[in-house]
Amino acid sequence: MIRIAASIYLNSAPLVYSFSEGTRRRRTRFLGDKAPARCAQMLEAGLCDAALIPVIEYQRIPNLLIVPQVAVASKRRVRSVLLATRCPLEEVRTVTLDSSSRTSQALLRILFKHKYQTNPTFLERTPDPGVSFENMFEGSEAALIIGDPAMHLAASAERLSLKTYDLADEWREMSGLPFVFAVWATSKPVLEAYPNLAREFQLAKAEGLERVDEIVAHYSETLQLPPAELLTYLQENVNFDLDDENIAGMNRFFGLAKECGLINEARPLEFV
């Protein structure tokens, strides 16, 4: 039975539904985790056979293959990856980074260097459980908030006197390209055992998108957010394709990550 690890945030729900709740549930061991970074760690340690990983980890974990046509991306505004500040950007001296996503951390560092042209100190912290984010501002003027907590933060920002910046929108403004946050990845030995792996992930994506209303109903209850808001998020803010434009954005990100010293090299993409 193939072991698959993925984040259980709303943004990945259509990609994992088939494995956790749908037609592939009985022939898959699904390992869900709120932290995308831990899914990459499981893949690197051999604790799973395939994982939905932060894209930066493709450059850090050797010998990975990317599943084509499937991703967690955003063509412009994503709403669930935010920089929140308590002062103007040019006055930010310290930024707290959410430890659960390596890609968003790298993206924010790139934006500060190339778009905002400032050099703050970065701290790393694990957010409080649930959708709380208050501890992320202890000792800092700004914080990276990702996933479901970011959806709540957007509604509370004005009350908390916070200014928010959507990182996918900031990236698009700087680069002119969409941003890819996560991809399915595996290894050649796993592919030898499961030669139809790519097709399974592509079909799983199709099934999840067909069940988006059911997914929205579930997350609306658990997140206490309106179904219409979550439906718009999944249909308009998150893009689940790995098309040519998204691949171009991913390659541009890797190039800037190397330039900023966040990865040793920007090796070419290799697909299943």
# chains A, B, ... in the order shown; residues from 1 in each chain; ligands from 1
$ residues_around --residues "region 204-218 of chain A" --least-positions-apart "6" --cutoff "12 Å" --atoms "only C-alpha atoms" --output "PyMOL selection string"
chain A and resi 8-25+28+67-72+184+197-198+224-235+238-242
$ closest_atom_pairs --of "region 66-123 of chain A" --to "region 29-42 of chain A" --cutoff "12 Å" --atoms "only C-alpha atoms" --output "CSV"
residue,atom,partner,partner_atom,distance
A:Val72,CA,A:Pro36,CA,11.5
A:Asp98,CA,A:Ala35,CA,9.6
A:Ser99,CA,A:Ala37,CA,7.8
A:Ser100,CA,A:Ala35,CA,4.6
A:Ser101,CA,A:Ala37,CA,5.2
A:Arg102,CA,A:Ala37,CA,6.2
A:Thr103,CA,A:Ala37,CA,8.7
A:Ser104,CA,A:Pro36,CA,10.4
A:Gln105,CA,A:Ala37,CA,10.8
$ residues_around --residues "Arg172 (chain A)" --least-positions-apart "2" --cutoff "10 Å" --atoms "only C-alpha atoms" --output "compact mmCIF listing (two decimals) with all heavy atoms, in the first residue's frame"
# COMPACT_ATOMS: atom_id res chain seq x y z
N SER A 74 -0.90 29.80 -7.31
CA SER A 74 -1.80 30.94 -7.39
C SER A 74 -1.40 31.79 -8.58
O SER A 74 -0.22 32.12 -8.73
CB SER A 74 -1.77 31.76 -6.11
OG SER A 74 -2.64 32.88 -6.21
N LYS A 75 -2.37 32.14 -9.39
CA LYS A 75 -2.10 32.99 -10.54
C LYS A 75 -1.87 34.44 -10.12
O LYS A 75 -1.19 35.19 -10.81
CB LYS A 75 -3.25 32.91 -11.54
CG LYS A 75 -3.40 31.54 -12.20
CD LYS A 75 -2.22 31.20 -13.08
CE LYS A 75 -2.44 29.90 -13.85
NZ LYS A 75 -1.27 29.55 -14.70
N ARG A 76 -2.45 34.84 -9.00
CA ARG A 76 -2.22 36.20 -8.50
C ARG A 76 -2.40 36.23 -6.99
O ARG A 76 -1.47 36.02 -6.25
CB ARG A 76 -3.15 37.21 -9.20
CG ARG A 76 -2.84 38.65 -8.83
CD ARG A 76 -3.57 39.66 -9.69
NE ARG A 76 -3.08 39.69 -11.06
CZ ARG A 76 -1.99 40.37 -11.44
NH1 ARG A 76 -1.29 41.04 -10.55
NH2 ARG A 76 -1.61 40.37 -12.70
N ARG A 77 -3.60 36.47 -6.49
CA ARG A 77 -3.83 36.62 -5.05
C ARG A 77 -4.23 35.28 -4.45
O ARG A 77 -5.19 34.66 -4.89
CB ARG A 77 -4.94 37.66 -4.83
CG ARG A 77 -5.32 37.91 -3.39
CD ARG A 77 -6.26 39.11 -3.29
NE ARG A 77 -6.75 39.31 -1.93
CZ ARG A 77 -7.97 38.97 -1.53
NH1 ARG A 77 -8.83 38.41 -2.38
NH2 ARG A 77 -8.35 39.17 -0.28
N LEU A 167 1.40 37.33 -0.42
CA LEU A 167 2.71 37.06 -1.01
C LEU A 167 2.63 36.65 -2.47
O LEU A 167 3.53 36.97 -3.25
CB LEU A 167 3.44 35.99 -0.19
CG LEU A 167 4.43 36.55 0.85
CD1 LEU A 167 3.72 37.44 1.84
CD2 LEU A 167 5.19 35.44 1.55
N ALA A 168 1.58 35.95 -2.87
CA ALA A 168 1.44 35.58 -4.28
C ALA A 168 1.22 36.82 -5.13
O ALA A 168 1.75 36.94 -6.25
CB ALA A 168 0.30 34.58 -4.47
N ASP A 169 0.42 37.76 -4.62
CA ASP A 169 0.17 39.01 -5.33
C ASP A 169 1.45 39.85 -5.40
O ASP A 169 1.76 40.45 -6.44
CB ASP A 169 -0.94 39.78 -4.61
CG ASP A 169 -1.70 40.69 -5.55
OD1 ASP A 169 -1.62 40.50 -6.77
OD2 ASP A 169 -2.38 41.61 -5.05
N GLU A 170 2.20 39.89 -4.31
CA GLU A 170 3.47 40.62 -4.29
C GLU A 170 4.46 40.02 -5.28
O GLU A 170 5.19 40.74 -5.97
CB GLU A 170 4.05 40.61 -2.87
CG GLU A 170 3.22 41.34 -1.83
CD GLU A 170 3.22 42.83 -2.03
OE1 GLU A 170 4.28 43.45 -1.86
OE2 GLU A 170 2.15 43.39 -2.38
N MET A 174 6.06 41.70 -8.78
CA MET A 174 7.50 41.81 -8.97
C MET A 174 7.99 41.06 -10.22
O MET A 174 8.80 41.56 -10.99
CB MET A 174 8.23 41.27 -7.74
CG MET A 174 9.75 41.41 -7.80
SD MET A 174 10.60 40.64 -6.40
CE MET A 174 10.55 38.90 -6.86
N SER A 175 7.46 39.84 -10.41
CA SER A 175 8.00 38.96 -11.45
C SER A 175 7.16 38.87 -12.72
O SER A 175 7.64 38.46 -13.77
CB SER A 175 8.16 37.54 -10.89
OG SER A 175 6.89 36.95 -10.64
N GLY A 176 5.86 39.21 -12.59
CA GLY A 176 4.95 39.04 -13.72
C GLY A 176 4.52 37.60 -13.93
O GLY A 176 3.94 37.26 -14.96
N LEU A 177 4.77 36.75 -12.94
CA LEU A 177 4.49 35.32 -13.07
C LEU A 177 3.67 34.81 -11.89
O LEU A 177 3.67 35.41 -10.81
CB LEU A 177 5.81 34.54 -13.13
CG LEU A 177 6.67 34.76 -14.37
CD1 LEU A 177 8.08 34.23 -14.14
CD2 LEU A 177 6.04 34.10 -15.60
N PRO A 178 2.96 33.68 -12.07
CA PRO A 178 2.27 33.05 -10.93
C PRO A 178 3.28 32.40 -10.00
O PRO A 178 4.46 32.30 -10.32
CB PRO A 178 1.38 32.00 -11.60
CG PRO A 178 2.05 31.70 -12.90
CD PRO A 178 2.76 32.95 -13.32
N PHE A 179 2.78 31.97 -8.84
CA PHE A 179 3.67 31.33 -7.87
C PHE A 179 3.17 29.94 -7.55
O PHE A 179 1.97 29.73 -7.31
CB PHE A 179 3.77 32.15 -6.58
CG PHE A 179 4.90 31.69 -5.71
CD1 PHE A 179 6.19 32.11 -5.95
CD2 PHE A 179 4.68 30.80 -4.66
CE1 PHE A 179 7.25 31.66 -5.17
CE2 PHE A 179 5.71 30.35 -3.88
CZ PHE A 179 7.00 30.78 -4.13
N GLY A 249 7.09 30.37 -13.48
CA GLY A 249 7.17 31.02 -12.18
C GLY A 249 8.02 30.25 -11.20
O GLY A 249 8.79 30.83 -10.42
$ residues_around --residues "Ala157 (chain A)" --least-positions-apart "4" --cutoff "12 Å" --atoms "only C-alpha atoms" --output "PyMOL selection string"
chain A and resi 82-86+133-134+145+149-153+161-165
$ closest_residue --among "A:Cys260, A:Ala248, A:Met136, A:Ala155" --to "Asn119 (chain A)" --atoms "only C-alpha atoms"
A:Cys260
$ closest_residue --among "A:Cys87, A:Leu47, A:Val95, A:Ala106" --to "Phe122 (chain A)" --atoms "only C-alpha atoms"
A:Val95
$ select_by_dssp --residues "region 57-93 of chain A" --states "strand (DSSP E)" --output "PDB file with all heavy atoms, in the first residue's frame"
ATOM      1  N   LEU A  64      14.616  13.712  -6.442  1.00  0.00           N
ATOM      2  CA  LEU A  64      13.158  13.736  -6.477  1.00  0.00           C
ATOM      3  C   LEU A  64      12.643  13.911  -7.899  1.00  0.00           C
ATOM      4  O   LEU A  64      13.299  14.500  -8.752  1.00  0.00           O
ATOM      5  CB  LEU A  64      12.611  14.873  -5.602  1.00  0.00           C
ATOM      6  CG  LEU A  64      12.779  14.747  -4.096  1.00  0.00           C
ATOM      7  CD1 LEU A  64      12.069  15.909  -3.398  1.00  0.00           C
ATOM      8  CD2 LEU A  64      12.248  13.415  -3.578  1.00  0.00           C
ATOM      9  N   LEU A  65      11.443  13.405  -8.123  1.00  0.00           N
ATOM     10  CA  LEU A  65      10.722  13.594  -9.374  1.00  0.00           C
ATOM     11  C   LEU A  65       9.410  14.299  -9.059  1.00  0.00           C
ATOM     12  O   LEU A  65       8.775  14.025  -8.038  1.00  0.00           O
ATOM     13  CB  LEU A  65      10.424  12.248 -10.043  1.00  0.00           C
ATOM     14  CG  LEU A  65      11.616  11.369 -10.419  1.00  0.00           C
ATOM     15  CD1 LEU A  65      11.122   9.997 -10.892  1.00  0.00           C
ATOM     16  CD2 LEU A  65      12.460  12.026 -11.491  1.00  0.00           C
ATOM     17  N   ILE A  66       8.993  15.203  -9.938  1.00  0.00           N
ATOM     18  CA  ILE A  66       7.762  15.962  -9.758  1.00  0.00           C
ATOM     19  C   ILE A  66       6.636  15.332 -10.573  1.00  0.00           C
ATOM     20  O   ILE A  66       6.832  14.984 -11.746  1.00  0.00           O
ATOM     21  CB  ILE A  66       7.959  17.423 -10.193  1.00  0.00           C
ATOM     22  CG1 ILE A  66       8.991  18.112  -9.295  1.00  0.00           C
ATOM     23  CG2 ILE A  66       6.638  18.195 -10.156  1.00  0.00           C
ATOM     24  CD1 ILE A  66       9.371  19.503  -9.771  1.00  0.00           C
ATOM     25  N   VAL A  72      -0.146  23.113  -6.053  1.00  0.00           N
ATOM     26  CA  VAL A  72      -0.863  24.137  -5.291  1.00  0.00           C
ATOM     27  C   VAL A  72      -0.198  25.453  -5.657  1.00  0.00           C
ATOM     28  O   VAL A  72       0.960  25.699  -5.296  1.00  0.00           O
ATOM     29  CB  VAL A  72      -0.788  23.907  -3.772  1.00  0.00           C
ATOM     30  CG1 VAL A  72      -1.478  25.048  -3.027  1.00  0.00           C
ATOM     31  CG2 VAL A  72      -1.418  22.566  -3.400  1.00  0.00           C
ATOM     32  N   ALA A  73      -0.900  26.275  -6.421  1.00  0.00           N
ATOM     33  CA  ALA A  73      -0.311  27.491  -6.969  1.00  0.00           C
ATOM     34  C   ALA A  73      -1.322  28.631  -6.884  1.00  0.00           C
ATOM     35  O   ALA A  73      -2.463  28.452  -6.441  1.00  0.00           O
ATOM     36  CB  ALA A  73       0.118  27.262  -8.421  1.00  0.00           C
ATOM     37  N   SER A  74      -0.900  29.798  -7.307  1.00  0.00           N
ATOM     38  CA  SER A  74      -1.804  30.935  -7.391  1.00  0.00           C
ATOM     39  C   SER A  74      -1.399  31.792  -8.575  1.00  0.00           C
ATOM     40  O   SER A  74      -0.223  32.121  -8.731  1.00  0.00           O
ATOM     41  CB  SER A  74      -1.765  31.760  -6.107  1.00  0.00           C
ATOM     42  OG  SER A  74      -2.639  32.875  -6.207  1.00  0.00           O
ATOM     43  N   VAL A  81      -1.403  33.022   2.263  1.00  0.00           N
ATOM     44  CA  VAL A  81       0.021  33.198   2.568  1.00  0.00           C
ATOM     45  C   VAL A  81       0.238  34.705   2.689  1.00  0.00           C
ATOM     46  O   VAL A  81       0.315  35.413   1.682  1.00  0.00           O
ATOM     47  CB  VAL A  81       0.931  32.596   1.489  1.00  0.00           C
ATOM     48  CG1 VAL A  81       2.400  32.757   1.891  1.00  0.00           C
ATOM     49  CG2 VAL A  81       0.615  31.114   1.275  1.00  0.00           C
ATOM     50  N   LEU A  82       0.312  35.189   3.921  1.00  0.00           N
ATOM     51  CA  LEU A  82       0.294  36.621   4.165  1.00  0.00           C
ATOM     52  C   LEU A  82       1.498  37.072   4.988  1.00  0.00           C
ATOM     53  O   LEU A  82       1.949  36.371   5.895  1.00  0.00           O
ATOM     54  CB  LEU A  82      -0.973  37.020   4.929  1.00  0.00           C
ATOM     55  CG  LEU A  82      -2.332  36.692   4.305  1.00  0.00           C
ATOM     56  CD1 LEU A  82      -3.440  37.115   5.266  1.00  0.00           C
ATOM     57  CD2 LEU A  82      -2.496  37.373   2.951  1.00  0.00           C
ATOM     58  N   LEU A  83       1.981  38.262   4.672  1.00  0.00           N
ATOM     59  CA  LEU A  83       2.868  38.991   5.566  1.00  0.00           C
ATOM     60  C   LEU A  83       2.005  40.020   6.280  1.00  0.00           C
ATOM     61  O   LEU A  83       1.313  40.819   5.639  1.00  0.00           O
ATOM     62  CB  LEU A  83       3.970  39.702   4.775  1.00  0.00           C
ATOM     63  CG  LEU A  83       4.814  40.692   5.592  1.00  0.00           C
ATOM     64  CD1 LEU A  83       5.650  39.962   6.630  1.00  0.00           C
ATOM     65  CD2 LEU A  83       5.694  41.530   4.681  1.00  0.00           C
ATOM     66  N   ALA A  84       2.009  39.980   7.591  1.00  0.00           N
ATOM     67  CA  ALA A  84       1.253  40.943   8.383  1.00  0.00           C
ATOM     68  C   ALA A  84       2.229  41.823   9.142  1.00  0.00           C
ATOM     69  O   ALA A  84       3.176  41.322   9.767  1.00  0.00           O
ATOM     70  CB  ALA A  84       0.320  40.228   9.360  1.00  0.00           C
ATOM     71  N   THR A  85       2.019  43.148   9.092  1.00  0.00           N
ATOM     72  CA  THR A  85       2.944  44.079   9.734  1.00  0.00           C
ATOM     73  C   THR A  85       2.202  45.012  10.680  1.00  0.00           C
ATOM     74  O   THR A  85       1.032  45.340  10.465  1.00  0.00           O
ATOM     75  CB  THR A  85       3.705  44.925   8.696  1.00  0.00           C
ATOM     76  OG1 THR A  85       2.792  45.847   8.086  1.00  0.00           O
ATOM     77  CG2 THR A  85       4.324  44.041   7.626  1.00  0.00           C
TER      78      THR A  85
END
$ select_by_dssp --residues "region 137-226 of chain A" --states "alpha helix (DSSP H)" --output "number ranges by chain"
A: 148-156, 167-175, 188-193, 197-210, 212-223
$ atom_distance --atom1 "CA of Met250 (chain A)" --atom2 "CA of Val180 (chain A)"
5.9 Å
